[in-house]
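**Q** Got query-v4.cif for you, mmCIF, C-alpha atoms and all ligand atoms:
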```cif
data_structure
loop_
_atom_site.label_atom_id
_atom_site.label_comp_id
_atom_site.auth_asym_id
_atom_site.auth_seq_id
_atom_site.Cartn_x
_atom_site.Cartn_y
_atom_site.Cartn_z
CA MET K 1 257.96 82.56 65.53
CA GLY K 2 255.89 81.13 68.34
CA TYR K 3 252.53 81.81 69.79
CA ARG K 4 251.57 85.48 69.90
CA PHE K 5 248.69 85.35 72.36
CA GLU K 6 248.28 82.67 75.00
CA ILE K 7 245.57 82.48 77.65
CA ILE K 8 245.63 80.42 80.82
CA THR K 9 242.06 80.14 82.09
CA GLY K 10 239.83 78.14 84.44
CA PRO K 11 238.06 78.63 87.78
CA MET K 12 239.37 80.04 91.05
CA SER K 13 242.37 78.17 92.54
CA CYS K 14 243.24 76.22 89.38
CA GLY K 15 246.81 77.54 89.34
CA LYS K 16 246.52 80.18 86.58
CA THR K 17 248.88 82.67 88.20
CA GLU K 18 251.30 79.89 89.14
CA GLU K 19 251.40 78.76 85.50
CA LEU K 20 251.85 82.36 84.32
CA LEU K 21 254.78 82.82 86.69
CA ARG K 22 256.32 79.56 85.47
CA ARG K 23 256.15 80.72 81.85
CA ILE K 24 257.53 84.16 82.74
CA ARG K 25 260.46 82.69 84.65
CA ARG K 26 261.44 80.59 81.64
CA LEU K 27 261.28 83.63 79.37
CA ILE K 28 263.44 85.67 81.76
CA ILE K 29 266.05 82.88 81.71
CA ALA K 30 265.84 83.02 77.90
CA LYS K 31 266.80 86.73 78.25
CA LYS K 32 263.46 88.08 77.05
CA LYS K 33 262.24 91.42 78.35
CA VAL K 34 258.97 90.77 80.18
CA LYS K 35 256.51 93.36 81.45
CA VAL K 36 253.84 92.17 83.88
CA ILE K 37 250.57 94.09 84.07
CA SER K 38 247.49 93.64 86.25
CA PRO K 39 244.29 95.63 86.80
CA THR K 40 243.97 97.77 89.95
CA ILE K 41 240.68 96.05 90.78
CA ASP K 42 242.51 92.90 91.81
CA THR K 43 242.36 93.20 95.57
CA ARG K 44 244.11 89.90 96.20
CA ALA K 45 247.59 91.34 95.69
CA LYS K 46 248.81 93.54 98.50
CA GLY K 47 251.12 95.75 96.46
CA ASP K 48 252.57 96.04 93.01
CA TYR K 49 253.21 92.39 92.46
CA ILE K 50 251.32 89.22 91.62
CA GLU K 51 251.56 86.28 93.89
CA SER K 52 250.52 82.72 93.32
CA ARG K 53 249.08 80.67 96.16
CA ASN K 54 252.32 78.74 96.54
CA GLY K 55 254.20 81.92 97.40
CA LEU K 56 255.88 82.74 94.08
CA TRP K 57 255.69 86.39 93.16
CA LEU K 58 256.71 88.91 90.51
CA ASP K 59 256.64 92.70 90.28
CA THR K 60 253.70 94.03 88.31
CA ILE K 61 252.49 97.36 86.98
CA LYS K 62 248.91 98.19 88.00
CA VAL K 63 246.67 99.84 85.41
CA LYS K 64 243.19 101.37 85.78
CA ASN K 65 242.02 100.54 82.24
CA SER K 66 243.10 98.83 79.02
CA GLU K 67 244.18 102.11 77.36
CA GLU K 68 247.00 102.55 79.86
CA ILE K 69 248.60 99.32 78.64
CA LEU K 70 249.59 100.73 75.22
CA GLU K 71 251.23 103.74 76.91
CA LEU K 72 253.31 101.41 79.06
CA VAL K 73 254.63 99.10 76.38
CA ASN K 74 258.04 99.97 74.90
CA GLU K 75 259.74 98.85 71.72
CA THR K 76 262.19 96.80 73.77
CA ASP K 77 259.51 94.71 75.50
CA ASP K 78 259.33 91.19 74.12
CA VAL K 79 256.62 89.75 76.32
CA ILE K 80 253.57 91.35 77.91
CA ALA K 81 252.01 89.29 80.68
CA ILE K 82 248.54 90.34 81.81
CA ASP K 83 246.96 88.90 84.95
CA GLU K 84 243.20 88.88 85.69
CA LEU K 85 242.07 89.70 82.13
CA GLN K 86 238.41 89.22 83.11
CA PHE K 87 238.46 92.50 85.07
CA PHE K 88 239.38 94.63 82.04
CA ASP K 89 236.99 96.75 79.95
CA GLU K 90 236.00 95.70 76.42
CA GLY K 91 238.86 97.84 75.02
CA ILE K 92 241.33 95.15 76.07
CA VAL K 93 240.45 93.18 72.92
CA ASP K 94 241.74 95.92 70.58
CA VAL K 95 244.74 96.60 72.81
CA ILE K 96 245.82 92.97 72.54
CA LYS K 97 245.24 92.96 68.77
CA VAL K 98 247.57 95.99 68.47
CA LEU K 99 250.23 94.30 70.60
CA MET K 100 249.99 91.13 68.50
CA LYS K 101 250.51 93.22 65.33
CA GLN K 102 253.54 94.83 66.95
CA GLY K 103 255.04 91.37 67.28
CA LYS K 104 254.76 91.17 71.06
CA ARG K 105 254.08 87.90 72.79
CA ILE K 106 251.13 88.24 75.16
CA ILE K 107 250.44 85.77 77.95
CA GLY K 108 247.24 86.37 79.88
CA THR K 109 245.30 84.76 82.68
CA GLY K 110 241.63 85.14 83.54
CA LEU K 111 238.54 83.46 84.92
CA ASP K 112 236.49 82.07 82.02
CA LEU K 113 233.21 82.15 83.97
CA ASP K 114 231.84 84.30 86.80
CA PHE K 115 230.15 82.95 89.94
CA LYS K 116 226.86 82.69 88.02
CA GLY K 117 228.52 80.36 85.54
CA GLU K 118 228.32 83.00 82.78
CA PRO K 119 231.21 84.17 80.54
CA PHE K 120 233.25 86.76 82.44
CA GLY K 121 233.57 90.25 80.86
CA PRO K 122 235.80 90.33 77.75
CA MET K 123 236.93 86.71 78.14
CA PRO K 124 234.80 85.16 75.34
CA MET K 125 236.31 87.56 72.76
CA LEU K 126 239.82 87.14 74.11
CA LEU K 127 239.55 83.36 74.05
CA ALA K 128 238.49 83.58 70.40
CA TYR K 129 241.52 85.70 69.43
CA ALA K 130 244.04 83.69 71.44
CA ASP K 131 246.15 81.23 69.47
CA LYS K 132 246.78 79.04 72.48
CA VAL K 133 244.31 78.41 75.30
CA ASP K 134 244.96 76.27 78.36
CA LYS K 135 241.95 75.52 80.51
CA LEU K 136 242.99 74.31 83.93
CA THR K 137 240.77 72.56 86.47
CA ALA K 138 240.90 72.92 90.23
CA ILE K 139 240.15 70.51 93.07
CA CYS K 140 236.49 70.69 94.16
CA MET K 141 236.39 72.12 97.69
CA LYS K 142 233.29 70.07 98.49
CA CYS K 143 233.85 66.54 97.14
CA GLY K 144 237.54 66.51 96.21
CA SER K 145 236.95 65.85 92.50
CA GLU K 146 239.86 66.87 90.27
CA TYR K 147 237.48 68.43 87.78
CA ALA K 148 236.35 71.65 89.45
CA VAL K 149 235.37 73.95 86.58
CA ARG K 150 233.19 76.50 88.39
CA THR K 151 233.80 79.28 90.90
CA GLN K 152 231.46 79.06 93.88
CA ARG K 153 230.60 82.32 95.60
CA MET K 154 229.74 82.02 99.29
CA ILE K 155 228.14 84.80 101.32
CA ASP K 156 228.15 84.33 105.09
CA GLY K 157 228.88 80.66 104.56
CA LYS K 158 225.97 80.02 102.17
CA PRO K 159 225.95 79.66 98.37
CA ALA K 160 225.34 83.12 96.89
CA ASP K 161 222.07 83.97 95.22
CA LYS K 162 222.02 84.54 91.44
CA ASN K 163 220.78 88.08 92.02
CA SER K 164 223.22 89.01 94.79
CA PRO K 165 225.10 92.26 94.09
CA LEU K 166 228.66 91.90 92.81
CA ILE K 167 230.01 93.87 95.76
CA MET K 168 228.57 93.14 99.21
CA ILE K 169 229.70 95.49 101.94
CA GLY K 170 230.00 94.00 105.41
CA ALA K 171 229.25 90.43 104.32
CA ASP K 172 231.74 87.63 104.76
CA GLU K 173 232.36 86.72 101.16
CA THR K 174 234.54 83.89 99.88
CA TYR K 175 235.09 82.06 96.62
CA GLU K 176 236.02 78.43 96.09
CA ALA K 177 236.40 75.97 93.24
CA ARG K 178 233.61 73.44 92.73
CA CYS K 179 232.90 70.66 90.26
CA LEU K 180 229.71 70.97 88.21
CA ASP K 181 227.85 68.55 90.50
CA CYS K 182 228.70 70.51 93.67
CA TRP K 183 228.36 74.02 92.25
CA GLU K 184 225.31 75.75 93.74
CA LEU K 185 223.62 78.95 92.63
CA GLY K 186 220.66 80.16 94.63
CA ASP K 187 217.77 81.75 92.77
CA LYS K 188 215.39 83.23 95.34
CA GLN K 189 213.37 85.10 92.73
CA HIS K 190 212.77 81.96 90.71
CA ASP K 191 211.87 80.00 93.86
CA GLU K 192 209.41 82.69 94.95
CA ASN K 193 207.78 82.87 91.52
CA HIS K 194 207.56 79.10 91.51
CA LYS K 195 205.93 79.16 94.96
CA LYS K 196 203.40 81.77 93.80
CA LEU K 197 202.69 79.70 90.71
CA SER K 198 202.05 76.51 92.69
CA VAL K 199 199.77 78.45 95.07
CA LEU K 200 197.82 79.70 92.03
CA THR K 201 197.61 76.21 90.56
CA ILE K 202 196.30 74.81 93.85
CA ALA K 203 193.79 77.70 94.13
CA LYS K 204 192.49 76.94 90.64
CA ARG K 205 191.76 73.36 91.56
ZN ZN K 301 232.44 68.32 93.72
#
```
Would you mind writing the structure in this file as structure tokens?
Ligand SMILES: [Zn+2]

**A**
Amino acid sequence: MGYRFEIITGPMSCGKTEELLRRIRRLIIAKKKVKVISPTIDTRAKGDYIESRNGLWLDTIKVKNSEEILELVNETDDVIAIDELQFFDEGIVDVIKVLMKQGKRIIGTGLDLDFKGEPFGPMPMLLAYADKVDKLTAICMKCGSEYAVRTQRMIDGKPADKNSPLIMIGADETYEARCLDCWELGDKQHDENHKKLSVLTIAKR
């Protein structure tokens, strides 16, 4: 008996998928039957496979929601690997609990925090149920620190605003790892309110 549910988490570019692929490869050598699943929302992958930034890849089955996972899993599957857990609906928590009860070994990856620095989707619950959690850090794209723990969203080359929509059509959008000191989150609304407030304070005087 080993771990039933492992999560590899951390910010963008911390090597989550690479670590997942490493674990899967070992299990395949150990003659375990591994099924790799990822959500359709993941636009990074070009086809039905997951690819780490260093070029390793593995075939994957794309699913639209968490319910589809239970339909896919067979009695003969030993290991269920799930990439990009943060993109799943809340139902993923119960799906994983069922799989754990069935004796499957589940290895998942996912971003712990979104670009606003807030817990990403079902990740807080999943991290609580996991019996092994590895938090990886990335290299900060701004200062080179080895402790990048946040995902920086950039829109047209500038740090994204807190209130920017999750999907921006036509904008040049990128994400990069940043350490806590370099991570920037614009808050236009707060700045404007603050400006109004200082104008009021001055007017009162
Ligand atoms: Zn930094």

**Q** What residues of the protein or nucleic acid chains come within 9 Å of ligand ZN 301 (chain K) when you use all atoms listed in the file? Reply as a PyMOL selection string.

**A** chain K and resi 139-148+177-183

**Q** Those residues you just picked out, can you put them in a file as a short mmCIF file (atom, residue, chain, number, x, y, z; two decimals), keeping the file's coordinate frame with C-alpha atoms?

**A**
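Everything below was put into selection39.cif:
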```
data_model
loop_
_atom_site.label_atom_id
_atom_site.label_comp_id
_atom_site.auth_asym_id
_atom_site.auth_seq_id
_atom_site.Cartn_x
_atom_site.Cartn_y
_atom_site.Cartn_z
CA ILE K 139 240.15 70.51 93.07
CA CYS K 140 236.49 70.69 94.16
CA MET K 141 236.39 72.12 97.69
CA LYS K 142 233.29 70.07 98.49
CA CYS K 143 233.85 66.54 97.14
CA GLY K 144 237.54 66.51 96.21
CA SER K 145 236.95 65.85 92.50
CA GLU K 146 239.86 66.87 90.27
CA TYR K 147 237.48 68.43 87.78
CA ALA K 148 236.35 71.65 89.45
CA ALA K 177 236.40 75.97 93.24
CA ARG K 178 233.61 73.44 92.73
CA CYS K 179 232.90 70.66 90.26
CA LEU K 180 229.71 70.97 88.21
CA ASP K 181 227.85 68.55 90.50
CA CYS K 182 228.70 70.51 93.67
CA TRP K 183 228.36 74.02 92.25
#
```

**Q** Set the distance at 9 Å and use all atoms listed in the file: which residues neighbour Ile155 of chain K once local chain neighbours fewer than 3 positions away are removed? I'd like the list as a PDB file with C-alpha atoms, in the frame of the given file.

**A**
```pdb
ATOM      1  CA  LYS K 158     225.970  80.020 102.170  1.00  0.00           C
ATOM      2  CA  PRO K 159     225.950  79.660  98.370  1.00  0.00           C
ATOM      3  CA  ALA K 160     225.340  83.120  96.890  1.00  0.00           C
ATOM      4  CA  ASP K 161     222.070  83.970  95.220  1.00  0.00           C
ATOM      5  CA  MET K 168     228.570  93.140  99.210  1.00  0.00           C
ATOM      6  CA  ALA K 171     229.250  90.430 104.320  1.00  0.00           C
ATOM      7  CA  ASP K 172     231.740  87.630 104.760  1.00  0.00           C
ATOM      8  CA  GLU K 173     232.360  86.720 101.160  1.00  0.00           C
ATOM      9  CA  THR K 174     234.540  83.890  99.880  1.00  0.00           C
ATOM     10  CA  TYR K 175     235.090  82.060  96.620  1.00  0.00           C
TER      11      TYR K 175
END
```

**Q** Give me, please, the distance in Å between atom CA of Met12 of chain K and atom CA of Val73 of chain K, quoted to one decimal.

**A** 28.5 Å

**Q** Kindly indicate which residue among K:Ile106, K:Leu136, K:Val95, K:Ala130 lies nearest to Glu71 of chain K, using only C-alpha atoms for the distances.

**A**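 So, comparing all the options, the nearest one is K:Val95.
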
**Q** Mind pulling up the distance from atom CA of Arg153 of chain K to atom CA of Ile169 of chain K?

**A** 14.6 Å

**Q** Under the rule that only C-alpha atoms are counted, which of K:Val98, K:Val34, K:Met123, K:Val93 is the nearest residue to Leu20 of chain K?

**A** K:Val34

**Q** Can segment 185-196 of chain K be brought up to all heavy atoms and written out as an mmCIF file, in the coordinates of the input?

**A**
```
data_model
loop_
_atom_site.group_PDB
_atom_site.id
_atom_site.type_symbol
_atom_site.label_atom_id
_atom_site.label_comp_id
_atom_site.auth_asym_id
_atom_site.auth_seq_id
_atom_site.Cartn_x
_atom_site.Cartn_y
_atom_site.Cartn_z
ATOM 1 N N LEU K 185 223.949 77.552 92.892
ATOM 2 C CA LEU K 185 223.620 78.950 92.630
ATOM 3 C C LEU K 185 222.170 79.170 93.049
ATOM 4 O O LEU K 185 221.246 78.645 92.422
ATOM 5 C CB LEU K 185 223.808 79.260 91.138
ATOM 6 C CG LEU K 185 223.599 80.708 90.719
ATOM 7 C CD1 LEU K 185 224.663 81.625 91.330
ATOM 8 C CD2 LEU K 185 223.646 80.834 89.200
ATOM 9 N N GLY K 186 222.010 79.888 94.147
ATOM 10 C CA GLY K 186 220.660 80.160 94.630
ATOM 11 C C GLY K 186 219.903 81.077 93.685
ATOM 12 O O GLY K 186 220.505 81.912 93.019
ATOM 13 N N ASP K 187 218.604 80.877 93.593
ATOM 14 C CA ASP K 187 217.770 81.750 92.770
ATOM 15 C C ASP K 187 216.451 81.999 93.505
ATOM 16 O O ASP K 187 215.433 81.378 93.232
ATOM 17 C CB ASP K 187 217.521 81.128 91.396
ATOM 18 C CG ASP K 187 216.878 82.113 90.420
ATOM 19 O OD1 ASP K 187 216.444 83.191 90.864
ATOM 20 O OD2 ASP K 187 216.820 81.791 89.216
ATOM 21 N N LYS K 188 216.540 82.931 94.487
ATOM 22 C CA LYS K 188 215.390 83.230 95.340
ATOM 23 C C LYS K 188 214.189 83.675 94.520
ATOM 24 O O LYS K 188 213.066 83.253 94.755
ATOM 25 C CB LYS K 188 215.764 84.339 96.333
ATOM 26 C CG LYS K 188 215.924 83.800 97.752
ATOM 27 C CD LYS K 188 216.127 84.948 98.718
ATOM 28 C CE LYS K 188 217.323 84.704 99.611
ATOM 29 N NZ LYS K 188 218.002 85.926 100.007
ATOM 30 N N GLN K 189 214.446 84.539 93.546
ATOM 31 C CA GLN K 189 213.370 85.100 92.730
ATOM 32 C C GLN K 189 212.597 84.000 92.003
ATOM 33 O O GLN K 189 211.381 83.964 92.014
ATOM 34 C CB GLN K 189 213.956 86.075 91.715
ATOM 35 C CG GLN K 189 213.012 87.216 91.446
ATOM 36 C CD GLN K 189 213.772 88.387 90.851
ATOM 37 O OE1 GLN K 189 214.963 88.556 91.071
ATOM 38 N NE2 GLN K 189 213.089 89.184 90.088
ATOM 39 N N HIS K 190 213.366 83.078 91.432
ATOM 40 C CA HIS K 190 212.770 81.960 90.710
ATOM 41 C C HIS K 190 211.957 81.090 91.670
ATOM 42 O O HIS K 190 210.841 80.699 91.380
ATOM 43 C CB HIS K 190 213.864 81.131 90.021
ATOM 44 C CG HIS K 190 213.348 79.927 89.310
ATOM 45 N ND1 HIS K 190 213.219 78.719 89.953
ATOM 46 C CD2 HIS K 190 212.909 79.745 88.043
ATOM 47 C CE1 HIS K 190 212.717 77.834 89.090
ATOM 48 N NE2 HIS K 190 212.529 78.439 87.924
ATOM 49 N N ASP K 191 212.551 80.828 92.859
ATOM 50 C CA ASP K 191 211.870 80.000 93.860
ATOM 51 C C ASP K 191 210.563 80.648 94.296
ATOM 52 O O ASP K 191 209.549 79.975 94.440
ATOM 53 C CB ASP K 191 212.769 79.793 95.087
ATOM 54 C CG ASP K 191 214.026 78.996 94.740
ATOM 55 O OD1 ASP K 191 214.052 78.409 93.635
ATOM 56 O OD2 ASP K 191 214.963 78.974 95.559
ATOM 57 N N GLU K 192 210.608 81.974 94.509
ATOM 58 C CA GLU K 192 209.410 82.690 94.950
ATOM 59 C C GLU K 192 208.330 82.666 93.873
ATOM 60 O O GLU K 192 207.164 82.412 94.168
ATOM 61 C CB GLU K 192 209.758 84.132 95.345
ATOM 62 C CG GLU K 192 210.007 84.235 96.843
ATOM 63 C CD GLU K 192 210.774 85.478 97.219
ATOM 64 O OE1 GLU K 192 210.521 86.546 96.598
ATOM 65 O OE2 GLU K 192 211.640 85.394 98.109
ATOM 66 N N ASN K 193 208.732 82.914 92.637
ATOM 67 C CA ASN K 193 207.780 82.870 91.520
ATOM 68 C C ASN K 193 207.160 81.484 91.416
ATOM 69 O O ASN K 193 205.979 81.331 91.168
ATOM 70 C CB ASN K 193 208.471 83.200 90.196
ATOM 71 C CG ASN K 193 208.845 84.660 90.101
ATOM 72 O OD1 ASN K 193 208.368 85.475 90.886
ATOM 73 N ND2 ASN K 193 209.716 84.993 89.161
ATOM 74 N N HIS K 194 208.002 80.491 91.609
ATOM 75 C CA HIS K 194 207.560 79.100 91.510
ATOM 76 C C HIS K 194 206.530 78.811 92.602
ATOM 77 O O HIS K 194 205.520 78.175 92.365
ATOM 78 C CB HIS K 194 208.771 78.177 91.643
ATOM 79 C CG HIS K 194 208.506 76.804 91.131
ATOM 80 N ND1 HIS K 194 208.446 76.514 89.794
ATOM 81 C CD2 HIS K 194 208.237 75.649 91.778
ATOM 82 C CE1 HIS K 194 208.175 75.229 89.640
ATOM 83 N NE2 HIS K 194 208.045 74.679 90.834
ATOM 84 N N LYS K 195 206.828 79.346 93.822
ATOM 85 C CA LYS K 195 205.930 79.160 94.960
ATOM 86 C C LYS K 195 204.570 79.784 94.647
ATOM 87 O O LYS K 195 203.529 79.171 94.838
ATOM 88 C CB LYS K 195 206.542 79.817 96.205
ATOM 89 C CG LYS K 195 206.549 78.879 97.419
ATOM 90 C CD LYS K 195 207.035 79.602 98.665
ATOM 91 C CE LYS K 195 208.541 79.536 98.847
ATOM 92 N NZ LYS K 195 209.041 80.483 99.832
ATOM 93 N N LYS K 196 204.630 81.043 94.150
ATOM 94 C CA LYS K 196 203.400 81.770 93.800
ATOM 95 C C LYS K 196 202.597 80.980 92.785
ATOM 96 O O LYS K 196 201.385 80.853 92.888
ATOM 97 C CB LYS K 196 203.752 83.140 93.209
ATOM 98 C CG LYS K 196 203.893 84.219 94.265
ATOM 99 C CD LYS K 196 204.147 85.555 93.587
ATOM 100 C CE LYS K 196 205.049 86.428 94.428
ATOM 101 N NZ LYS K 196 205.736 87.430 93.629
#
```
